[in-house]
$ cat input.txt   # compact mmCIF, C-alpha atoms
# COMPACT_ATOMS: atom_id res chain seq x y z
CA MET W 1 188.33 61.96 143.13
CA SER W 2 191.02 59.36 143.73
CA ARG W 3 192.01 56.79 141.14
CA PHE W 4 190.32 54.01 143.16
CA ALA W 5 187.08 55.99 143.53
CA THR W 6 187.15 56.76 139.80
CA GLY W 7 187.52 53.06 139.02
CA LEU W 8 184.70 52.24 141.41
CA GLN W 9 182.45 54.80 139.70
CA GLY W 10 183.27 53.18 136.36
CA ALA W 11 182.39 49.78 137.82
CA PHE W 12 179.01 51.12 139.00
CA LEU W 13 178.32 52.51 135.54
CA GLY W 14 179.28 49.22 133.84
CA LEU W 15 177.21 47.14 136.24
CA ASN W 16 174.04 49.23 136.03
CA ALA W 17 174.18 49.91 132.30
CA ALA W 18 174.99 46.31 131.37
CA TYR W 19 172.25 44.95 133.62
CA LEU W 20 169.69 47.23 131.98
CA LEU W 21 171.03 46.24 128.56
CA THR W 22 170.53 42.53 129.41
CA LEU W 23 166.91 43.26 130.34
CA LEU W 24 166.44 44.96 127.00
CA LEU W 25 168.11 42.08 125.14
CA GLY W 26 165.93 39.70 127.16
CA VAL W 27 162.97 40.77 125.04
CA TRP W 28 164.48 38.76 122.18
CA LEU W 29 167.02 36.44 123.79
CA ARG W 30 167.16 34.06 126.74
CA GLY W 31 168.47 35.29 130.05
CA TRP W 32 167.48 36.16 133.58
CA PRO W 33 163.87 37.30 133.95
CA LEU W 34 162.89 40.94 134.34
CA ASN W 35 162.85 41.86 138.01
CA PRO W 36 161.16 45.26 138.42
CA TYR W 37 162.85 45.95 141.77
CA PHE W 38 166.40 45.40 140.49
CA ALA W 39 165.58 47.19 137.22
CA GLY W 40 164.68 50.17 139.43
CA VAL W 41 167.89 49.77 141.45
CA ALA W 42 169.95 49.80 138.25
CA LEU W 43 168.07 52.81 136.85
CA LEU W 44 168.59 54.77 140.06
CA GLY W 45 172.25 53.76 140.12
CA LEU W 46 172.64 54.94 136.55
CA GLY W 47 170.88 58.21 137.35
CA LEU W 48 173.25 58.89 140.24
CA GLN W 49 176.16 58.72 137.81
CA ARG W 50 175.04 62.13 136.55
CA LEU W 51 175.91 63.57 139.94
CA THR W 52 179.37 61.98 140.11
CA TRP W 53 180.43 62.66 136.52
CA PRO W 54 181.35 66.33 137.20
CA LEU W 55 183.50 65.21 140.15
CA LEU W 56 185.76 63.08 137.95
CA LEU W 57 189.12 64.56 137.03
CA PRO W 58 189.39 64.86 133.23
CA SER W 59 192.73 63.07 133.37
CA ARG W 60 191.09 60.02 134.98
CA ARG W 61 188.14 59.65 132.65
CA GLY W 62 190.02 56.99 130.69
CA CYS W 63 190.23 54.86 133.83
CA TYR W 64 186.48 55.43 134.40
CA ARG W 65 185.63 54.27 130.88
CA ALA W 66 187.97 51.27 131.05
CA THR W 67 186.50 49.90 134.30
CA ALA W 68 182.96 50.59 133.05
CA LEU W 69 183.71 48.60 129.91
CA ALA W 70 185.40 45.75 131.81
CA VAL W 71 182.60 45.35 134.35
CA GLY W 72 179.93 45.77 131.67
CA LEU W 73 181.48 43.03 129.56
CA LEU W 74 181.70 40.78 132.62
CA VAL W 75 177.97 41.22 133.28
CA LEU W 76 177.17 40.55 129.60
CA LEU W 77 179.33 37.42 129.69
CA ALA W 78 177.57 36.19 132.85
CA TRP W 79 174.23 36.86 131.17
CA GLY W 80 175.25 34.90 128.05
CA LEU W 81 176.48 31.96 130.11
CA TYR W 82 173.32 32.06 132.22
CA GLY W 83 171.01 31.49 129.29
CA TYR W 84 173.07 29.53 126.84
CA LEU W 85 175.57 27.31 128.66
CA MET A 24 173.29 83.73 158.21
CA ALA A 25 176.14 83.01 155.84
CA ILE A 26 177.77 79.60 156.02
CA SER A 27 181.51 79.75 156.40
CA GLU A 28 183.86 78.27 153.82
CA ARG A 29 184.66 75.45 156.26
CA GLY A 30 180.98 74.74 156.81
CA MET A 31 180.39 74.55 153.06
CA ARG A 32 183.29 72.13 152.66
CA LEU A 33 181.86 69.96 155.43
CA LEU A 34 178.41 70.04 153.86
CA ARG A 35 179.83 69.10 150.45
CA GLY A 36 181.81 66.28 152.04
CA CYS A 37 178.70 64.92 153.76
CA ALA A 38 176.68 65.10 150.52
CA ARG A 39 179.40 63.22 148.65
CA ALA A 40 179.66 60.58 151.38
CA LEU A 41 175.90 60.11 151.23
CA LEU A 42 175.98 59.83 147.45
CA TYR A 43 178.84 57.29 147.43
CA SER A 44 177.17 55.25 150.19
CA LEU A 45 173.90 55.12 148.27
CA GLN A 46 175.69 54.11 145.07
CA THR A 47 177.62 51.38 146.89
CA LEU A 48 174.46 50.08 148.54
CA LEU A 49 172.62 49.91 145.19
CA ALA A 50 175.55 48.22 143.44
CA LEU A 51 175.94 45.73 146.27
CA GLN A 52 172.28 44.77 146.02
CA LEU A 53 172.57 44.23 142.28
CA VAL A 54 175.77 42.18 142.61
CA LEU A 55 174.22 39.99 145.32
CA TYR A 56 171.12 39.50 143.18
CA LEU A 57 173.19 38.45 140.16
CA LEU A 58 175.24 36.07 142.32
CA PHE A 59 171.99 34.60 143.63
CA LYS A 60 170.71 34.11 140.06
CA GLY A 61 173.91 32.22 139.24
CA PHE A 62 173.60 30.06 142.35
CA GLU A 63 169.93 29.39 141.65
CA ARG A 64 170.70 28.32 138.08
CA GLU A 65 173.44 25.96 139.28
CA HIS A 66 171.13 24.51 141.94
CA PHE A 67 168.43 23.65 139.40
CA LEU A 68 170.99 22.24 136.98
CA GLN A 69 172.37 19.98 139.71
CA ALA A 70 168.83 18.80 140.50
CA LEU A 71 168.53 17.21 137.03
CA PRO A 72 169.65 13.59 136.57
CA ALA A 73 172.87 13.25 134.57
CA GLN A 74 171.05 11.37 131.79
CA ILE A 75 168.87 14.39 131.06
CA GLU A 76 171.12 16.90 129.38
CA PRO A 77 169.92 20.49 128.99
CA ALA A 78 171.00 22.73 126.13
CA GLY A 79 170.45 26.13 127.71
CA LEU A 80 168.17 27.67 130.26
CA ILE A 81 164.83 29.14 129.25
CA LEU A 82 163.34 30.30 132.53
CA ILE A 83 163.64 30.02 136.28
CA ASP A 84 160.83 31.72 138.09
CA GLY A 85 158.53 31.20 141.03
CA MET A 86 157.26 32.54 144.31
CA SER A 87 158.64 31.86 147.72
CA ASP A 88 158.40 32.94 151.30
CA PHE A 89 160.87 32.18 154.06
CA ARG A 90 160.58 28.37 153.90
CA GLU A 91 158.15 27.29 151.19
CA GLY A 92 157.93 28.09 147.53
CA CYS A 93 156.64 27.00 144.15
CA GLY A 94 157.77 27.57 140.61
CA VAL A 95 159.50 26.08 137.60
CA ALA A 96 162.91 25.79 135.98
CA VAL A 97 162.54 25.28 132.23
CA TRP A 98 165.47 24.12 130.12
CA ARG A 99 165.85 23.37 126.45
CA LEU A 100 166.34 19.59 126.07
CA SER A 101 169.53 18.68 124.21
CA GLU A 102 169.15 17.10 120.81
CA ALA A 103 171.01 13.96 121.89
CA THR A 104 168.80 13.39 124.95
CA ALA A 105 165.63 14.09 122.94
CA ALA A 106 166.71 11.48 120.37
CA SER A 107 167.55 8.90 123.06
CA VAL A 108 164.24 9.43 124.86
CA GLN A 109 162.28 9.20 121.61
CA GLN A 110 164.15 6.08 120.58
CA HIS A 111 164.32 4.16 123.86
CA GLY A 112 161.62 5.79 126.03
CA PHE A 113 161.45 4.23 129.50
CA GLY A 114 164.53 2.11 128.74
CA TYR A 115 166.61 5.28 128.69
CA LEU A 116 164.80 7.16 131.43
CA GLN A 117 164.84 4.38 134.02
CA LEU A 118 168.52 5.23 134.59
CA ALA A 119 167.59 8.80 135.47
CA GLN A 120 166.68 8.33 139.12
CA GLN A 121 169.00 10.65 141.00
CA ALA A 122 169.95 14.30 140.71
CA ARG A 123 173.42 14.75 139.24
CA GLY A 124 174.62 17.02 142.00
CA TYR A 125 172.84 15.75 145.10
CA ALA A 126 173.07 12.32 146.71
CA GLU A 127 170.31 12.95 149.28
CA SER A 128 167.04 10.99 149.05
CA TYR A 129 165.19 14.31 148.69
CA TYR A 130 166.65 14.51 145.19
CA SER A 131 165.70 10.92 144.19
CA TYR A 132 163.17 10.58 141.43
CA GLY A 133 160.38 8.00 141.40
CA PRO A 134 159.49 5.68 138.51
CA TRP A 135 159.08 7.38 135.15
CA GLN A 136 155.60 7.54 133.72
CA ALA A 137 154.13 8.65 130.43
CA THR A 138 152.15 11.88 130.22
CA PRO A 139 149.42 13.12 130.60
CA LEU A 140 150.42 14.46 133.97
CA ALA A 141 147.34 14.24 136.22
CA GLU A 142 148.15 17.49 138.09
CA ALA A 143 148.23 19.42 134.82
CA GLN A 144 144.71 18.30 133.83
CA SER A 145 142.98 20.67 136.25
CA MET A 146 140.94 23.51 134.78
CA ASP A 147 142.78 25.91 137.13
CA GLY A 148 146.10 25.11 135.50
CA TRP A 149 149.19 23.55 137.00
CA LEU A 150 150.14 25.19 140.31
CA PRO A 151 153.95 25.43 139.91
CA LEU A 152 153.52 26.95 136.46
CA GLY A 153 150.99 29.40 137.86
CA CYS A 154 153.59 30.52 140.42
CA ALA A 155 155.98 31.49 137.63
CA ASP A 156 155.67 34.52 135.42
CA ALA A 157 156.25 32.53 132.25
CA PRO A 158 155.48 33.91 128.78
CA GLU A 159 152.10 32.73 127.52
CA ALA A 160 153.56 30.85 124.53
CA LEU A 161 155.88 28.88 126.82
CA GLN A 162 153.05 28.11 129.24
CA GLU A 163 150.92 26.81 126.38
CA GLN A 164 153.80 24.69 125.08
CA ILE A 165 154.38 23.15 128.52
CA MET A 166 150.69 22.50 129.15
CA ARG A 167 150.28 20.96 125.70
CA GLY A 168 153.20 18.62 126.42
CA ALA A 169 152.05 17.80 129.97
CA GLN A 170 148.54 16.99 128.79
CA GLY A 171 149.69 15.17 125.65
CA MET A 172 150.82 11.58 125.27
CA GLN A 173 154.39 11.98 124.10
CA GLY A 174 156.15 13.15 127.21
CA TYR A 175 157.44 11.55 130.39
CA TYR A 176 157.47 12.58 134.00
CA SER A 177 158.89 11.47 137.31
CA GLU A 178 157.90 12.68 140.74
CA LYS A 179 160.15 13.48 143.65
CA ARG A 180 159.36 14.90 147.07
CA GLU A 181 157.80 18.31 146.48
CA GLY A 182 158.59 18.25 142.79
CA VAL A 183 157.98 16.85 139.32
CA LEU A 184 160.43 16.49 136.46
CA LEU A 185 158.80 16.60 133.06
CA VAL A 186 160.67 15.65 129.89
CA LEU A 187 159.01 16.64 126.64
CA PRO A 188 161.11 15.39 123.72
CA ARG A 189 158.68 16.64 121.07
CA GLU A 190 158.71 20.18 122.49
CA ARG A 191 162.43 19.80 123.35
CA LEU A 192 161.76 20.95 126.92
CA ILE A 193 162.76 19.91 130.43
CA VAL A 194 160.46 21.28 133.12
CA PHE A 195 161.45 20.96 136.75
CA ALA A 196 158.44 22.01 138.83
CA TYR A 197 158.50 22.38 142.59
CA ASP A 198 155.85 23.06 145.17
CA GLY A 199 156.69 22.94 148.83
$ encode --input "input.txt" --output "structure tokens"
Amino acid sequence: MSRFATGLQGAFLGLNAAYLLTLLLGVWLRGWPLNPYFAGVALLGLGLQRLTWPLLLPSRRGCYRATALAVGLLVLLAWGLYGYL
Amino acid sequence: MAISERGMRLLRGCARALLYSLQTLLALQLVLYLLFKGFEREHFLQALPAQIEPAGLILIDGMSDFREGCGVAVWRLSEATAASVQQHGFGYLQLAQQARGYAESYYSYGPWQATPLAEAQSMDGWLPLGCADAPEALQEQIMRGAQGMQGYYSEKREGVLLVLPRERLIVFAYDG
């Protein structure tokens, strides 16, 4: 898998995982409401990561984690601003 | 019949392309949805008069079809605005006649009135609130404020803006 595709896979992981985390946090904190359709989309997206994980080159897993973290933090920041700003 | 090495490679390539396309499609949907939520939040914020300052969003929810819709945007009322409304009442609110972000007459608010809000007195509940999937405690809080005597409301075309200083809530309800 190319470096770009690896980064994109990381972005998908960050987006889906962070969105699901915001829904979980939404039980206690303010944020966007639970939308069952998009919760399903995120769950399916996260599940598909299991199929792409073996395709990642071990040497590029750092890039995968870094983009996942960056995109995940971006989603969490957007969620925080949505409810509290 | 055995599949040749080339056939297997082609099959694997097709499966991967399908997988990546599906992932991209799902991610795109989620990104567009989150962008929409941001736009929706900004739209409802801009529909509030500048004098009514929110201190965080509680809920935006409703139902809509292609053209019409109903629902509510509920904000926490800032401490400063709550104090001004409690202190000066109509004197403060009479300045709040136009949405902060829209100059069109559609976003002009009518004269401010004291609650109870007539529409919220019905036994069937208040339609815009019924359109939203609001937590029960929040619904009760809003209905208590709308039916009580310590809040204020102003009507606009296809909407009502309710300010409840005691509950520290701003409720923008729309129906149409």
$ atom_distance --input "input.txt" --atom1 "CA of Arg123 (chain A)" --atom2 "CA of Leu71 (chain A)"
5.9 Å
$ interface_residues --input "input.txt" --of "chain W" --to "chain A" --cutoff "7 Å" --atoms "all atoms listed in the file" --output "list in words"
Phe12, Arg30, Phe38, Val41, Gly45, Gly83, Tyr84 and Leu85 of chain W
$ residues_near_point --input "input.txt" --point "(164.6, 17.5, 147.0)" --cutoff "7 Å" --atoms "all atoms listed in the file" --output "list in words"
Tyr129, Tyr130, Lys179, Arg180 and Glu181 of chain A
$ atom_distance --input "input.txt" --atom1 "CA of Leu13 (chain W)" --atom2 "CA of Gly26 (chain W)"
19.7 Å
$ atom_distance --input "input.txt" --atom1 "CA of Ala38 (chain A)" --atom2 "CA of Trp53 (chain W)"
14.7 Å
$ residues_around --input "input.txt" --residues "region 66-77 of chain W" --least-positions-apart "3" --cutoff "12 Å" --atoms "all atoms listed in the file" --output "PDB file with C-alpha atoms, in the coordinates of the input"
ATOM      1  CA  ARG W   3     192.010  56.790 141.140  1.00  0.00           C
ATOM      2  CA  PHE W   4     190.320  54.010 143.160  1.00  0.00           C
ATOM      3  CA  ALA W   5     187.080  55.990 143.530  1.00  0.00           C
ATOM      4  CA  THR W   6     187.150  56.760 139.800  1.00  0.00           C
ATOM      5  CA  GLY W   7     187.520  53.060 139.020  1.00  0.00           C
ATOM      6  CA  LEU W   8     184.700  52.240 141.410  1.00  0.00           C
ATOM      7  CA  GLN W   9     182.450  54.800 139.700  1.00  0.00           C
ATOM      8  CA  GLY W  10     183.270  53.180 136.360  1.00  0.00           C
ATOM      9  CA  ALA W  11     182.390  49.780 137.820  1.00  0.00           C
ATOM     10  CA  PHE W  12     179.010  51.120 139.000  1.00  0.00           C
ATOM     11  CA  LEU W  13     178.320  52.510 135.540  1.00  0.00           C
ATOM     12  CA  GLY W  14     179.280  49.220 133.840  1.00  0.00           C
ATOM     13  CA  LEU W  15     177.210  47.140 136.240  1.00  0.00           C
ATOM     14  CA  ASN W  16     174.040  49.230 136.030  1.00  0.00           C
ATOM     15  CA  ALA W  17     174.180  49.910 132.300  1.00  0.00           C
ATOM     16  CA  ALA W  18     174.990  46.310 131.370  1.00  0.00           C
ATOM     17  CA  TYR W  19     172.250  44.950 133.620  1.00  0.00           C
ATOM     18  CA  LEU W  20     169.690  47.230 131.980  1.00  0.00           C
ATOM     19  CA  LEU W  21     171.030  46.240 128.560  1.00  0.00           C
ATOM     20  CA  THR W  22     170.530  42.530 129.410  1.00  0.00           C
ATOM     21  CA  LEU W  23     166.910  43.260 130.340  1.00  0.00           C
ATOM     22  CA  LEU W  24     166.440  44.960 127.000  1.00  0.00           C
ATOM     23  CA  LEU W  25     168.110  42.080 125.140  1.00  0.00           C
ATOM     24  CA  GLY W  26     165.930  39.700 127.160  1.00  0.00           C
ATOM     25  CA  GLY W  31     168.470  35.290 130.050  1.00  0.00           C
ATOM     26  CA  TRP W  32     167.480  36.160 133.580  1.00  0.00           C
ATOM     27  CA  LEU W  46     172.640  54.940 136.550  1.00  0.00           C
ATOM     28  CA  GLN W  49     176.160  58.720 137.810  1.00  0.00           C
ATOM     29  CA  ARG W  60     191.090  60.020 134.980  1.00  0.00           C
ATOM     30  CA  ARG W  61     188.140  59.650 132.650  1.00  0.00           C
ATOM     31  CA  GLY W  62     190.020  56.990 130.690  1.00  0.00           C
ATOM     32  CA  CYS W  63     190.230  54.860 133.830  1.00  0.00           C
ATOM     33  CA  GLY W  80     175.250  34.900 128.050  1.00  0.00           C
ATOM     34  CA  LEU W  81     176.480  31.960 130.110  1.00  0.00           C
ATOM     35  CA  TYR W  82     173.320  32.060 132.220  1.00  0.00           C
ATOM     36  CA  GLY W  83     171.010  31.490 129.290  1.00  0.00           C
ATOM     37  CA  TYR W  84     173.070  29.530 126.840  1.00  0.00           C
ATOM     38  CA  LEU W  85     175.570  27.310 128.660  1.00  0.00           C
TER      39      LEU W  85
ATOM     40  CA  ALA A  50     175.550  48.220 143.440  1.00  0.00           C
ATOM     41  CA  LEU A  53     172.570  44.230 142.280  1.00  0.00           C
ATOM     42  CA  VAL A  54     175.770  42.180 142.610  1.00  0.00           C
ATOM     43  CA  LEU A  57     173.190  38.450 140.160  1.00  0.00           C
ATOM     44  CA  LEU A  58     175.240  36.070 142.320  1.00  0.00           C
ATOM     45  CA  GLY A  61     173.910  32.220 139.240  1.00  0.00           C
TER      46      GLY A  61
END
$ closest_residue --input "input.txt" --among "A:Ser44, A:Gln117, A:Asp198, A:Arg29" --to "Leu48 (chain W)" --atoms "all atoms listed in the file"
A:Ser44
$ closest_residue --input "input.txt" --among "A:Glu76, A:Leu140, A:Leu150, A:Phe59" --to "Ala105 (chain A)" --atoms "all atoms listed in the file"
A:Glu76
$ residues_near_point --input "input.txt" --point "(160.9, 13.8, 133.3)" --cutoff "10 Å" --atoms "all atoms listed in the file" --output "list in words"
Leu71, Pro72, Ile75, Leu116, Ala119, Gln120, Tyr132, Gly133, Pro134, Trp135, Gln136, Ala137, Thr138, Gly174, Tyr175, Tyr176, Ser177, Glu178, Val183, Leu184, Leu185, Val186, Leu187, Pro188, Leu192, Ile193, Val194 and Phe195 of chain A
$ closest_residue --input "input.txt" --among "A:Val95, A:Leu152, A:Ala122, A:Val108" --to "Ala73 (chain A)" --atoms "only C-alpha atoms"
A:Ala122
